[in-house]
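> The following file, input_33.cif, comprises mmCIF, C-alpha atoms:
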```cif
data_entry
#
loop_
_atom_site.label_atom_id
_atom_site.label_comp_id
_atom_site.auth_asym_id
_atom_site.auth_seq_id
_atom_site.Cartn_x
_atom_site.Cartn_y
_atom_site.Cartn_z
CA MET A 1 23.71 9.13 -16.00
CA LEU A 2 21.67 11.49 -13.85
CA ARG A 3 19.48 8.55 -12.90
CA LEU A 4 22.53 6.51 -11.82
CA ALA A 5 23.82 9.43 -9.75
CA SER A 6 20.43 9.80 -8.07
CA LEU A 7 20.32 6.04 -7.37
CA ALA A 8 23.81 6.14 -5.78
CA ALA A 9 22.87 9.22 -3.72
CA ALA A 10 19.63 7.59 -2.54
CA LEU A 11 21.45 4.38 -1.57
CA TYR A 12 24.16 6.31 0.29
CA ALA A 13 21.61 8.43 2.16
CA PHE A 14 19.78 5.19 3.09
CA TRP A 15 23.04 3.70 4.42
CA ILE A 16 23.83 6.75 6.59
CA LEU A 17 20.27 7.04 7.95
CA MET A 18 20.09 3.32 8.79
CA SER A 19 23.53 3.13 10.46
CA GLY A 20 23.70 6.52 12.20
CA TYR A 21 27.49 6.16 12.61
CA LEU A 22 29.67 8.91 11.16
CA GLU A 23 33.13 7.29 11.50
CA PRO A 24 35.36 7.71 8.41
CA PHE A 25 35.70 3.95 7.86
CA LEU A 26 31.92 3.33 7.93
CA LEU A 27 31.19 6.38 5.75
CA GLY A 28 33.78 5.10 3.23
CA ALA A 29 32.40 1.55 3.34
CA GLY A 30 28.90 2.92 2.76
CA LEU A 31 30.02 4.93 -0.23
CA ALA A 32 31.78 1.88 -1.68
CA CYS A 33 28.64 -0.24 -1.18
CA ALA A 34 26.37 2.39 -2.74
CA LEU A 35 28.62 2.65 -5.79
CA ALA A 36 28.94 -1.14 -6.08
CA VAL A 37 25.16 -1.63 -5.94
CA THR A 38 24.66 1.14 -8.52
CA TRP A 39 27.18 -0.57 -10.81
CA LEU A 40 25.42 -3.92 -10.38
CA ALA A 41 22.02 -2.31 -11.03
CA ARG A 42 23.39 -0.83 -14.27
CA ARG A 43 24.83 -4.19 -15.32
CA MET A 44 21.49 -5.88 -14.57
CA GLU A 45 19.74 -3.10 -16.51
CA ILE A 46 17.32 -2.41 -13.67
CA ALA A 47 18.40 1.23 -13.08
CA ASP A 48 15.75 2.38 -15.56
CA PRO A 49 12.63 4.59 -15.13
CA GLU A 50 10.77 1.47 -13.93
CA GLY A 51 13.34 0.22 -11.38
CA HIS A 52 14.28 3.64 -9.99
CA PRO A 53 11.42 6.05 -10.80
CA ALA A 54 13.17 9.12 -9.30
CA HIS A 55 11.27 11.43 -11.67
CA LEU A 56 8.04 10.55 -9.79
CA THR A 57 9.29 11.65 -6.34
CA PRO A 58 7.63 15.13 -6.35
CA ALA A 59 4.37 13.66 -7.67
CA ALA A 60 4.44 10.97 -4.96
CA PHE A 61 4.25 13.62 -2.23
CA GLY A 62 1.09 14.92 -3.87
CA TYR A 63 -0.51 11.49 -4.28
CA TRP A 64 0.41 9.69 -1.03
CA PRO A 65 -1.32 12.05 1.44
CA TRP A 66 -4.55 11.71 -0.55
CA LEU A 67 -4.10 7.90 -0.55
CA VAL A 68 -3.56 7.84 3.24
CA LEU A 69 -6.80 9.77 3.82
CA GLU A 70 -8.60 7.40 1.43
CA ILE A 71 -7.23 4.37 3.35
CA LEU A 72 -8.41 5.81 6.69
CA ARG A 73 -11.86 6.59 5.26
CA SER A 74 -12.44 3.14 3.81
CA GLY A 75 -10.79 1.47 6.84
CA LEU A 76 -13.48 3.10 8.98
CA ALA A 77 -16.19 1.91 6.57
CA VAL A 78 -14.91 -1.70 6.71
CA CYS A 79 -14.71 -1.54 10.55
CA ARG A 80 -18.37 -0.41 10.59
CA ILE A 81 -19.34 -3.43 8.49
CA ILE A 82 -17.37 -5.75 10.81
CA VAL A 83 -19.09 -4.52 13.99
CA ASP A 84 -22.55 -4.48 12.36
CA PRO A 85 -24.47 -7.51 13.76
CA ARG A 86 -26.07 -8.13 10.32
CA LEU A 87 -22.63 -8.15 8.61
CA PRO A 88 -23.89 -6.26 5.51
CA VAL A 89 -21.44 -7.58 2.89
CA SER A 90 -22.29 -7.99 -0.80
CA PRO A 91 -19.06 -9.30 -2.38
CA THR A 92 -18.79 -8.21 -6.01
CA LEU A 93 -16.26 -8.63 -8.81
CA VAL A 94 -15.80 -5.86 -11.37
CA ARG A 95 -13.67 -5.71 -14.51
CA PHE A 96 -12.58 -2.40 -15.98
CA ARG A 97 -9.91 -0.81 -18.10
CA PRO A 98 -7.35 1.32 -16.18
CA SER A 99 -6.27 4.56 -17.87
CA GLN A 100 -2.55 4.33 -16.93
CA LYS A 101 0.06 3.79 -19.64
CA THR A 102 3.28 3.00 -17.74
CA ALA A 103 4.09 -0.10 -15.70
CA VAL A 104 4.80 2.05 -12.63
CA GLY A 105 1.41 3.76 -13.02
CA LEU A 106 -0.47 0.47 -13.40
CA ALA A 107 1.33 -1.06 -10.39
CA THR A 108 0.61 2.05 -8.31
CA HIS A 109 -3.08 1.96 -9.24
CA ALA A 110 -3.40 -1.79 -8.53
CA ASN A 111 -1.51 -1.50 -5.24
CA SER A 112 -3.57 1.53 -4.16
CA ILE A 113 -6.80 -0.41 -4.76
CA THR A 114 -5.47 -3.31 -2.66
CA LEU A 115 -4.18 -1.00 0.11
CA THR A 116 -7.61 0.58 0.46
CA PRO A 117 -9.61 -1.70 2.77
CA GLY A 118 -12.75 -3.08 1.10
CA THR A 119 -11.26 -3.45 -2.38
CA LEU A 120 -8.71 -5.97 -3.65
CA THR A 121 -7.04 -6.25 -7.05
CA VAL A 122 -7.25 -9.90 -8.07
CA ALA A 123 -5.78 -9.53 -11.56
CA ALA A 124 -3.93 -6.59 -13.11
CA ASP A 125 -3.05 -6.40 -16.80
CA HIS A 126 -2.37 -3.51 -19.16
CA ASP A 127 -5.89 -3.49 -20.52
CA GLU A 128 -7.93 -4.91 -17.65
CA PHE A 129 -8.15 -4.94 -13.84
CA LEU A 130 -10.26 -7.49 -11.98
CA VAL A 131 -11.26 -6.07 -8.59
CA HIS A 132 -13.04 -7.82 -5.71
CA GLY A 133 -15.07 -5.49 -3.50
CA LEU A 134 -16.46 -6.21 -0.03
CA THR A 135 -19.71 -4.48 -1.00
CA ARG A 136 -21.37 -3.72 -4.34
CA GLU A 137 -20.74 0.00 -3.79
CA THR A 138 -17.02 -0.23 -2.96
CA ALA A 139 -16.41 -2.51 -5.96
CA ARG A 140 -18.22 -0.25 -8.42
CA ALA A 141 -16.56 2.87 -7.00
CA THR A 142 -13.18 1.63 -8.35
CA VAL A 143 -14.37 1.93 -11.97
CA ALA A 144 -13.27 5.22 -13.60
CA SER A 145 -12.56 6.48 -10.08
CA GLU A 146 -10.87 9.58 -8.72
CA MET A 147 -7.95 7.26 -7.81
CA ASP A 148 -7.66 6.31 -11.50
CA ARG A 149 -7.46 9.98 -12.50
CA ARG A 150 -5.00 10.84 -9.73
CA VAL A 151 -2.64 7.96 -10.59
CA ARG A 152 -2.83 8.99 -14.26
CA ARG A 153 -1.71 12.47 -13.23
CA PHE A 154 0.91 10.97 -10.86
CA GLU A 155 2.57 8.95 -13.65
CA GLY A 156 2.75 12.09 -15.79
CA GLY A 157 -0.42 11.89 -17.88
CA ASP A 158 -2.93 14.71 -18.26
CA MET B 1 1.38 13.61 30.65
CA SER B 2 2.75 15.83 27.88
CA PRO B 3 0.63 16.65 24.82
CA ALA B 4 2.97 14.55 22.62
CA ASP B 5 2.40 11.58 24.94
CA ALA B 6 -1.36 12.06 24.75
CA ILE B 7 -1.31 12.17 20.93
CA SER B 8 0.98 9.16 20.79
CA TRP B 9 -1.21 7.10 23.13
CA ALA B 10 -4.34 8.04 21.20
CA LEU B 11 -2.69 6.87 17.96
CA LEU B 12 -1.41 3.65 19.56
CA ALA B 13 -4.83 2.90 21.08
CA ALA B 14 -6.62 3.60 17.79
CA GLY B 15 -4.13 1.32 15.98
CA GLY B 16 -4.67 -1.43 18.55
CA VAL B 17 -8.45 -1.18 18.21
CA SER B 18 -8.16 -1.41 14.40
CA CYS B 19 -6.05 -4.56 14.71
CA VAL B 20 -8.61 -6.18 17.04
CA LEU B 21 -11.50 -5.18 14.74
CA GLY B 22 -9.61 -6.60 11.75
CA ALA B 23 -9.13 -9.87 13.64
CA VAL B 24 -12.85 -9.99 14.55
CA GLY B 25 -13.66 -9.37 10.87
CA LEU B 26 -11.32 -12.18 9.86
CA LEU B 27 -13.44 -14.56 11.98
CA ARG B 28 -16.85 -13.18 10.96
CA MET B 29 -16.46 -12.88 7.17
CA PRO B 30 -18.06 -15.62 5.05
CA ASP B 31 -15.29 -16.59 2.57
CA PHE B 32 -11.60 -16.30 1.71
CA PHE B 33 -11.82 -13.07 -0.32
CA THR B 34 -14.00 -11.16 2.17
CA ARG B 35 -11.63 -12.29 4.96
CA MET B 36 -8.77 -10.68 3.06
CA HIS B 37 -10.63 -7.35 3.22
CA ALA B 38 -10.80 -7.62 7.02
CA ALA B 39 -7.10 -8.51 7.16
CA SER B 40 -6.21 -5.44 5.10
CA VAL B 41 -7.59 -3.22 7.90
CA VAL B 42 -4.90 -4.71 10.17
CA ASP B 43 -1.94 -4.17 7.86
CA THR B 44 -2.86 -0.69 6.62
CA VAL B 45 -4.84 1.23 9.26
CA GLY B 46 -3.66 -0.81 12.28
CA ALA B 47 0.04 -0.93 11.40
CA GLY B 48 0.00 2.66 10.11
CA LEU B 49 -1.51 4.16 13.27
CA ILE B 50 0.80 2.15 15.57
CA LEU B 51 3.88 3.24 13.58
CA LEU B 52 2.66 6.87 13.68
CA GLY B 53 2.17 6.63 17.46
CA LEU B 54 5.70 5.26 17.87
CA MET B 55 7.10 8.06 15.68
CA VAL B 56 5.51 10.64 18.00
CA GLN B 57 7.19 8.82 20.95
CA ALA B 58 10.61 8.81 19.23
CA GLY B 59 10.51 12.44 18.10
CA LEU B 60 12.95 13.77 15.49
CA THR B 61 15.55 11.00 15.78
CA LEU B 62 17.04 8.26 13.61
CA VAL B 63 14.52 5.88 15.21
CA THR B 64 11.74 7.82 13.48
CA VAL B 65 13.58 7.52 10.17
CA LYS B 66 13.68 3.74 10.65
CA LEU B 67 9.97 3.67 11.52
CA VAL B 68 9.23 5.61 8.31
CA VAL B 69 11.25 3.05 6.33
CA ILE B 70 9.34 0.19 8.01
CA GLY B 71 6.08 1.95 7.11
CA LEU B 72 7.14 2.36 3.46
CA LEU B 73 8.17 -1.29 3.36
CA ILE B 74 4.74 -2.38 4.64
CA PHE B 75 2.91 -0.06 2.25
CA PHE B 76 4.78 -1.42 -0.78
CA THR B 77 4.94 -5.13 0.10
CA SER B 78 1.59 -5.85 1.77
CA PRO B 79 -0.62 -5.05 -1.26
CA THR B 80 1.75 -7.05 -3.47
CA ALA B 81 1.47 -10.06 -1.15
CA SER B 82 -2.34 -9.67 -0.90
CA HIS B 83 -2.61 -9.50 -4.67
CA ALA B 84 -0.44 -12.61 -5.12
CA LEU B 85 -2.53 -14.49 -2.53
CA ALA B 86 -5.86 -13.54 -4.15
CA ARG B 87 -4.59 -14.32 -7.64
CA ALA B 88 -3.22 -17.69 -6.53
CA ALA B 89 -6.55 -18.55 -4.87
CA LEU B 90 -8.49 -17.67 -8.04
CA ALA B 91 -5.99 -19.52 -10.27
CA ARG B 92 -6.41 -22.68 -8.15
CA GLY B 93 -10.17 -22.51 -8.73
CA LEU B 94 -11.37 -21.02 -5.43
CA GLU B 95 -14.58 -19.26 -6.47
CA PRO B 96 -15.50 -16.15 -4.49
CA LYS B 97 -19.02 -16.08 -3.03
CA LEU B 98 -20.69 -13.22 -4.83
CA ALA B 99 -23.80 -11.26 -3.86
CA ASP B 100 -25.18 -11.12 -7.41
CA GLY B 101 -24.46 -14.72 -8.43
CA GLY B 102 -21.70 -15.88 -10.77
CA ALA B 103 -20.30 -13.59 -13.44
CA PRO B 104 -18.36 -10.40 -12.70
CA SER B 105 -20.50 -7.37 -13.46
CA LYS B 106 -19.52 -5.29 -16.45
CA PRO B 107 -19.72 -1.57 -15.82
#
```
Mind turning this structure into C-alpha coordinates?


Amino acid sequence: MLRLASLAAALYAFWILMSGYLEPFLLGAGLACALAVTWLARRMEIADPEGHPAHLTPAAFGYWPWLVLEILRSGLAVCRIIVDPRLPVSPTLVRFRPSQKTAVGLATHANSITLTPGTLTVAADHDEFLVHGLTRETARATVASEMDRRVRRFEGGD
Amino acid sequence: MSPADAISWALLAAGGVSCVLGAVGLLRMPDFFTRMHAASVVDTVGAGLILLGLMVQAGLTLVTVKLVVIGLLIFFTSPTASHALARAALARGLEPKLADGGAPSKP
(Lines of atoms letter the chains of each structure in order from A and count residues from 1; the text may use other names and numbers.)
(Lines give C-alpha, C1' and ligand atoms only; values in the text may rest on other atoms or scores of the structure.)
Protein backbone atom coordinates (compact mmCIF):
# COMPACT_ATOMS: atom_id res chain seq x y z
CA MET A 1 0.00 0.00 0.00
CA LEU A 2 2.81 2.37 0.94
CA ARG A 3 4.53 1.42 -2.30
CA LEU A 4 1.40 2.25 -4.32
CA ALA A 5 1.07 5.61 -2.56
CA SER A 6 4.72 6.40 -3.29
CA LEU A 7 4.23 5.40 -6.95
CA ALA A 8 1.17 7.68 -7.27
CA ALA A 9 3.02 10.55 -5.57
CA ALA A 10 6.06 10.10 -7.83
CA LEU A 11 3.87 10.04 -10.96
CA TYR A 12 1.95 13.14 -9.85
CA ALA A 13 5.15 15.04 -9.05
CA PHE A 14 6.47 14.04 -12.50
CA TRP A 15 3.27 15.37 -14.14
CA ILE A 16 3.48 18.74 -12.35
CA LEU A 17 7.22 19.18 -13.03
CA MET A 18 6.83 18.31 -16.72
CA SER A 19 3.77 20.52 -17.34
CA GLY A 20 4.56 23.51 -15.11
CA TYR A 21 0.91 24.65 -15.28
CA LEU A 22 -0.94 25.07 -11.98
CA GLU A 23 -4.52 25.53 -13.26
CA PRO A 24 -7.15 23.56 -11.29
CA PHE A 25 -8.28 21.57 -14.34
CA LEU A 26 -4.74 20.44 -15.26
CA LEU A 27 -3.85 19.65 -11.64
CA GLY A 28 -7.04 17.54 -11.40
CA ALA A 29 -6.36 15.81 -14.72
CA GLY A 30 -2.82 15.02 -13.56
CA LEU A 31 -4.06 13.53 -10.32
CA ALA A 32 -6.60 11.41 -12.20
CA CYS A 33 -3.88 10.18 -14.59
CA ALA A 34 -1.46 9.38 -11.75
CA LEU A 35 -4.14 7.38 -9.94
CA ALA A 36 -5.22 5.60 -13.14
CA VAL A 37 -1.63 4.59 -13.98
CA THR A 38 -1.08 3.39 -10.39
CA TRP A 39 -4.25 1.29 -10.64
CA LEU A 40 -3.11 -0.19 -13.97
CA ALA A 41 0.36 -0.91 -12.55
CA ARG A 42 -1.26 -2.77 -9.64
CA ARG A 43 -3.48 -4.75 -12.02
CA MET A 44 -0.44 -5.64 -14.15
CA GLU A 45 1.43 -6.58 -10.97
CA ILE A 46 4.40 -4.40 -11.86
CA ALA A 47 4.16 -2.09 -8.80
CA ASP A 48 6.49 -4.41 -6.90
CA PRO A 49 9.99 -3.87 -5.41
CA GLU A 50 11.42 -4.59 -8.89
CA GLY A 51 9.15 -2.26 -10.93
CA HIS A 52 9.15 0.62 -8.44
CA PRO A 53 12.22 0.23 -6.19
CA ALA A 54 11.38 3.26 -4.00
CA HIS A 55 13.23 1.70 -1.04
CA LEU A 56 16.52 2.19 -2.96
CA THR A 57 16.13 5.97 -3.44
CA PRO A 58 18.39 7.02 -0.50
CA ALA A 59 21.02 4.45 -1.50
CA ALA A 60 20.93 5.69 -5.11
CA PHE A 61 22.10 9.15 -4.01
CA GLY A 62 25.11 7.50 -2.40
CA TYR A 63 25.93 5.30 -5.40
CA TRP A 64 25.28 7.60 -8.39
CA PRO A 65 27.84 10.33 -7.57
CA TRP A 66 30.54 7.66 -7.26
CA LEU A 67 29.39 6.16 -10.60
CA VAL A 68 29.53 9.58 -12.32
CA LEU A 69 33.13 10.11 -11.16
CA GLU A 70 33.99 6.58 -12.34
CA ILE A 71 32.43 7.31 -15.78
CA LEU A 72 34.44 10.55 -16.12
CA ARG A 73 37.67 8.79 -15.09
CA SER A 74 37.31 5.92 -17.55
CA GLY A 75 35.95 8.27 -20.25
CA LEU A 76 39.23 10.17 -20.02
CA ALA A 77 41.20 6.90 -20.23
CA VAL A 78 39.30 5.81 -23.38
CA CYS A 79 39.83 9.28 -24.96
CA ARG A 80 43.58 8.89 -24.30
CA ILE A 81 43.57 5.55 -26.12
CA ILE A 82 41.64 7.08 -29.05
CA VAL A 83 44.11 9.95 -29.55
CA ASP A 84 47.16 7.70 -29.09
CA PRO A 85 48.69 7.17 -32.58
CA ARG A 86 49.51 3.52 -31.72
CA LEU A 87 45.88 2.86 -30.65
CA PRO A 88 46.89 0.64 -27.68
CA VAL A 89 43.81 -1.60 -27.44
CA SER A 90 43.89 -5.20 -26.21
CA PRO A 91 40.25 -6.35 -26.36
CA THR A 92 39.54 -8.99 -23.72
CA LEU A 93 36.52 -10.99 -22.60
CA VAL A 94 36.15 -11.95 -18.94
CA ARG A 95 33.56 -14.10 -17.19
CA PHE A 96 32.86 -13.72 -13.49
CA ARG A 97 30.21 -14.25 -10.88
CA PRO A 98 28.48 -11.06 -9.63
CA SER A 99 27.74 -10.90 -5.89
CA GLN A 100 24.28 -9.26 -6.19
CA LYS A 101 21.18 -11.22 -5.21
CA THR A 102 18.25 -9.11 -6.48
CA ALA A 103 17.25 -8.44 -10.08
CA VAL A 104 17.53 -4.68 -9.50
CA GLY A 105 21.05 -5.12 -8.12
CA LEU A 106 22.18 -7.30 -11.03
CA ALA A 107 20.68 -4.88 -13.59
CA THR A 108 22.34 -1.93 -11.84
CA HIS A 109 25.72 -3.67 -11.83
CA ALA A 110 25.45 -4.72 -15.50
CA ASN A 111 24.27 -1.26 -16.57
CA SER A 112 27.03 0.46 -14.56
CA ILE A 113 29.66 -1.67 -16.30
CA THR A 114 28.21 -0.74 -19.71
CA LEU A 115 27.90 2.96 -18.80
CA THR A 116 31.57 3.10 -17.86
CA PRO A 117 33.48 3.66 -21.11
CA GLY A 118 35.95 0.86 -21.86
CA THR A 119 33.82 -1.97 -20.48
CA LEU A 120 30.66 -3.52 -21.90
CA THR A 121 28.38 -6.20 -20.45
CA VAL A 122 27.71 -8.68 -23.25
CA ALA A 123 25.74 -11.21 -21.20
CA ALA A 124 24.23 -10.88 -17.73
CA ASP A 125 22.76 -13.80 -15.81
CA HIS A 126 22.22 -14.47 -12.11
CA ASP A 127 25.39 -16.51 -11.80
CA GLU A 128 27.60 -15.11 -14.54
CA PHE A 129 28.49 -11.85 -16.31
CA LEU A 130 30.37 -11.81 -19.61
CA VAL A 131 32.21 -8.50 -19.98
CA HIS A 132 34.11 -7.15 -23.00
CA GLY A 133 36.91 -4.74 -22.12
CA LEU A 134 38.74 -2.36 -24.45
CA THR A 135 42.03 -3.27 -22.77
CA ARG A 136 43.18 -6.27 -20.74
CA GLU A 137 43.37 -4.06 -17.62
CA THR A 138 39.89 -2.53 -17.88
CA ALA A 139 38.33 -5.97 -18.48
CA ARG A 140 40.07 -7.60 -15.52
CA ALA A 141 39.31 -4.63 -13.25
CA THR A 142 35.57 -5.50 -13.43
CA VAL A 143 36.13 -8.83 -11.64
CA ALA A 144 35.40 -8.60 -7.88
CA SER A 145 35.58 -4.82 -8.29
CA GLU A 146 34.77 -1.91 -6.01
CA MET A 147 31.69 -1.38 -8.22
CA ASP A 148 30.56 -4.94 -7.36
CA ARG A 149 30.89 -4.22 -3.63
CA ARG A 150 29.17 -0.83 -3.91
CA VAL A 151 26.19 -2.22 -5.86
CA ARG A 152 25.91 -5.03 -3.29
CA ARG A 153 25.68 -2.39 -0.58
CA PHE A 154 23.28 -0.32 -2.75
CA GLU A 155 20.80 -3.20 -3.12
CA GLY A 156 20.84 -3.70 0.64
CA GLY A 157 23.49 -6.38 1.13
CA ASP A 158 26.37 -6.13 3.58
CA MET B 1 30.76 37.16 -19.20
CA SER B 2 29.36 36.01 -15.86
CA PRO B 3 31.01 33.16 -13.92
CA ALA B 4 27.97 30.93 -14.58
CA ASP B 5 28.37 31.56 -18.32
CA ALA B 6 32.05 30.68 -18.14
CA ILE B 7 31.34 27.41 -16.31
CA SER B 8 28.54 26.57 -18.71
CA TRP B 9 30.68 27.21 -21.79
CA ALA B 10 33.54 25.16 -20.36
CA LEU B 11 31.14 22.24 -19.78
CA LEU B 12 29.58 22.59 -23.25
CA ALA B 13 33.01 22.76 -24.91
CA ALA B 14 34.28 19.74 -22.96
CA GLY B 15 31.12 17.82 -23.94
CA GLY B 16 31.58 18.76 -27.59
CA VAL B 17 35.23 17.65 -27.55
CA SER B 18 34.22 14.29 -26.00
CA CYS B 19 31.64 13.75 -28.75
CA VAL B 20 34.22 14.48 -31.46
CA LEU B 21 36.79 12.19 -29.80
CA GLY B 22 34.16 9.44 -29.53
CA ALA B 23 33.41 9.82 -33.24
CA VAL B 24 37.14 9.66 -34.10
CA GLY B 25 37.39 6.51 -31.95
CA LEU B 26 34.41 5.02 -33.77
CA LEU B 27 36.38 5.34 -37.04
CA ARG B 28 39.77 4.20 -35.66
CA MET B 29 38.77 1.12 -33.64
CA PRO B 30 39.41 -2.28 -35.25
CA ASP B 31 36.11 -4.18 -34.73
CA PHE B 32 32.45 -3.91 -33.75
CA PHE B 33 32.91 -4.37 -29.99
CA THR B 34 35.82 -1.93 -29.62
CA ARG B 35 33.82 0.61 -31.67
CA MET B 36 31.02 0.34 -29.13
CA HIS B 37 33.47 1.43 -26.42
CA ALA B 38 34.27 4.58 -28.40
CA ALA B 39 30.55 5.24 -28.91
CA SER B 40 29.91 4.95 -25.18
CA VAL B 41 32.16 8.00 -24.60
CA VAL B 42 29.68 10.01 -26.71
CA ASP B 43 26.52 8.94 -24.92
CA THR B 44 27.85 9.10 -21.36
CA VAL B 45 30.59 11.73 -21.03
CA GLY B 46 29.61 13.80 -24.10
CA ALA B 47 25.85 13.88 -23.48
CA GLY B 48 26.34 14.26 -19.71
CA LEU B 49 28.65 17.29 -19.96
CA ILE B 50 26.45 19.01 -22.57
CA LEU B 51 23.33 18.49 -20.42
CA LEU B 52 25.21 19.81 -17.37
CA GLY B 53 26.32 22.89 -19.33
CA LEU B 54 22.72 23.53 -20.42
CA MET B 55 21.50 23.14 -16.82
CA VAL B 56 23.94 25.87 -15.72
CA GLN B 57 22.51 28.08 -18.52
CA ALA B 58 18.89 27.42 -17.45
CA GLY B 59 19.47 27.94 -13.72
CA LEU B 60 16.90 26.82 -11.14
CA THR B 61 13.92 26.53 -13.50
CA LEU B 62 11.58 23.85 -14.81
CA VAL B 63 13.85 23.63 -17.87
CA THR B 64 16.59 22.25 -15.62
CA VAL B 65 14.16 19.68 -14.21
CA LYS B 66 13.43 18.53 -17.77
CA LEU B 67 17.16 18.36 -18.56
CA VAL B 68 17.67 16.19 -15.45
CA VAL B 69 14.88 13.88 -16.64
CA ILE B 70 16.48 13.67 -20.11
CA GLY B 71 19.80 12.83 -18.44
CA LEU B 72 18.20 10.07 -16.32
CA LEU B 73 16.49 8.70 -19.42
CA ILE B 74 19.83 8.52 -21.28
CA PHE B 75 21.61 6.97 -18.30
CA PHE B 76 19.01 4.20 -17.96
CA THR B 77 18.31 3.44 -21.64
CA SER B 78 21.70 3.78 -23.33
CA PRO B 79 23.44 0.93 -21.44
CA THR B 80 20.38 -1.26 -22.00
CA ALA B 81 20.50 -0.58 -25.75
CA SER B 82 24.29 -1.12 -25.86
CA HIS B 83 23.92 -4.41 -24.02
CA ALA B 84 21.15 -5.58 -26.38
CA LEU B 85 23.28 -4.63 -29.41
CA ALA B 86 26.38 -6.46 -28.13
CA ARG B 87 24.38 -9.52 -27.12
CA ALA B 88 22.62 -9.64 -30.49
CA ALA B 89 25.97 -9.37 -32.31
CA LEU B 90 27.44 -12.24 -30.26
CA ALA B 91 24.28 -14.35 -30.67
CA ARG B 92 24.47 -13.94 -34.46
CA GLY B 93 28.02 -15.29 -34.39
CA LEU B 94 30.05 -12.07 -34.67
CA GLU B 95 33.30 -13.02 -32.93
CA PRO B 96 35.14 -10.21 -31.16
CA LYS B 97 38.81 -9.77 -32.08
CA LEU B 98 40.64 -10.54 -28.88
CA ALA B 99 44.18 -9.62 -27.85
CA ASP B 100 44.91 -13.01 -26.24
CA GLY B 101 43.35 -15.24 -28.91
CA GLY B 102 40.04 -17.09 -28.62
CA ALA B 103 38.65 -18.12 -25.25
CA PRO B 104 37.52 -15.65 -22.59
CA SER B 105 40.02 -15.56 -19.75
CA LYS B 106 38.93 -17.05 -16.46
CA PRO B 107 39.94 -14.98 -13.47

> Work out how far apart atom CA of Asn111 of chain A and atom CA of Pro98 of chain A are and give it in Å to one decimal.

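Straight-line distance from atom CA of Asn111 of chain A to atom CA of Pro98 of chain A works out to 12.7 Å.
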
> Just say which residues the PyMOL selection byres ((chain A) within 8 of (chain B)) picks in this file, as a ChimeraX atom specification.

/A:17-18,20,71-72,75,78-79,82-83,87,90-96,111-112,114-123,132,134,136,140,143

> May I ask for the distance between atom CA of Leu35 of chain A and atom CA of Thr57 of chain A, given in Å to one decimal place?

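Atom CA of Thr57 of chain A lies at a distance of 21.3 Å from atom CA of Leu35 of chain A.
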
> Work out how far apart atom CA of Phe32 of chain B and atom CA of Glu95 of chain B are and give it in Å to one decimal.

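If I compute the distance from atom CA of Phe32 of chain B to atom CA of Glu95 of chain B, I get 9.2 Å.
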
> Using only C-alpha atoms, which residues sit within 10 Å of Thr108 of chain A once same-chain residues fewer than 3 positions away are excluded, as a list in words?

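Result of the neighbour search: Gln100, Thr102, Ala103, Val104, Gly105, Asn111, Ser112, Ile113, Thr114, Asp148, Val151, Arg152, Phe154 and Glu155 of chain A; Phe76 of chain B.
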
> For Pro58 of chain A, work out the shell of residues within 12 Å, counting all atoms listed in the file and skipping chain neighbours fewer than 5 positions away, then give it as an NGL selection string.

:A and (53 or 63-64 or 153-156)

> On this structure, which residues satisfy the PyMOL selection byres ((chain B and resi 3-6) around 12), written as a list in words?

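Applied to this file, the PyMOL selection byres ((chain B and resi 3-6) around 12) returns Met1, Ser2, Ile7, Ser8, Trp9, Ala10, Leu11, Leu12, Ala13, Leu52, Gly53, Leu54, Met55, Val56, Gln57, Ala58 and Gly59 of chain B.
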
> Just so the selection is clear, what residues does the PyMOL selection byres ((chain A and resi 11) around 9) cover here, as a ChimeraX atom specification?

/A:6-10,12-16,30-31,33-35,37-38
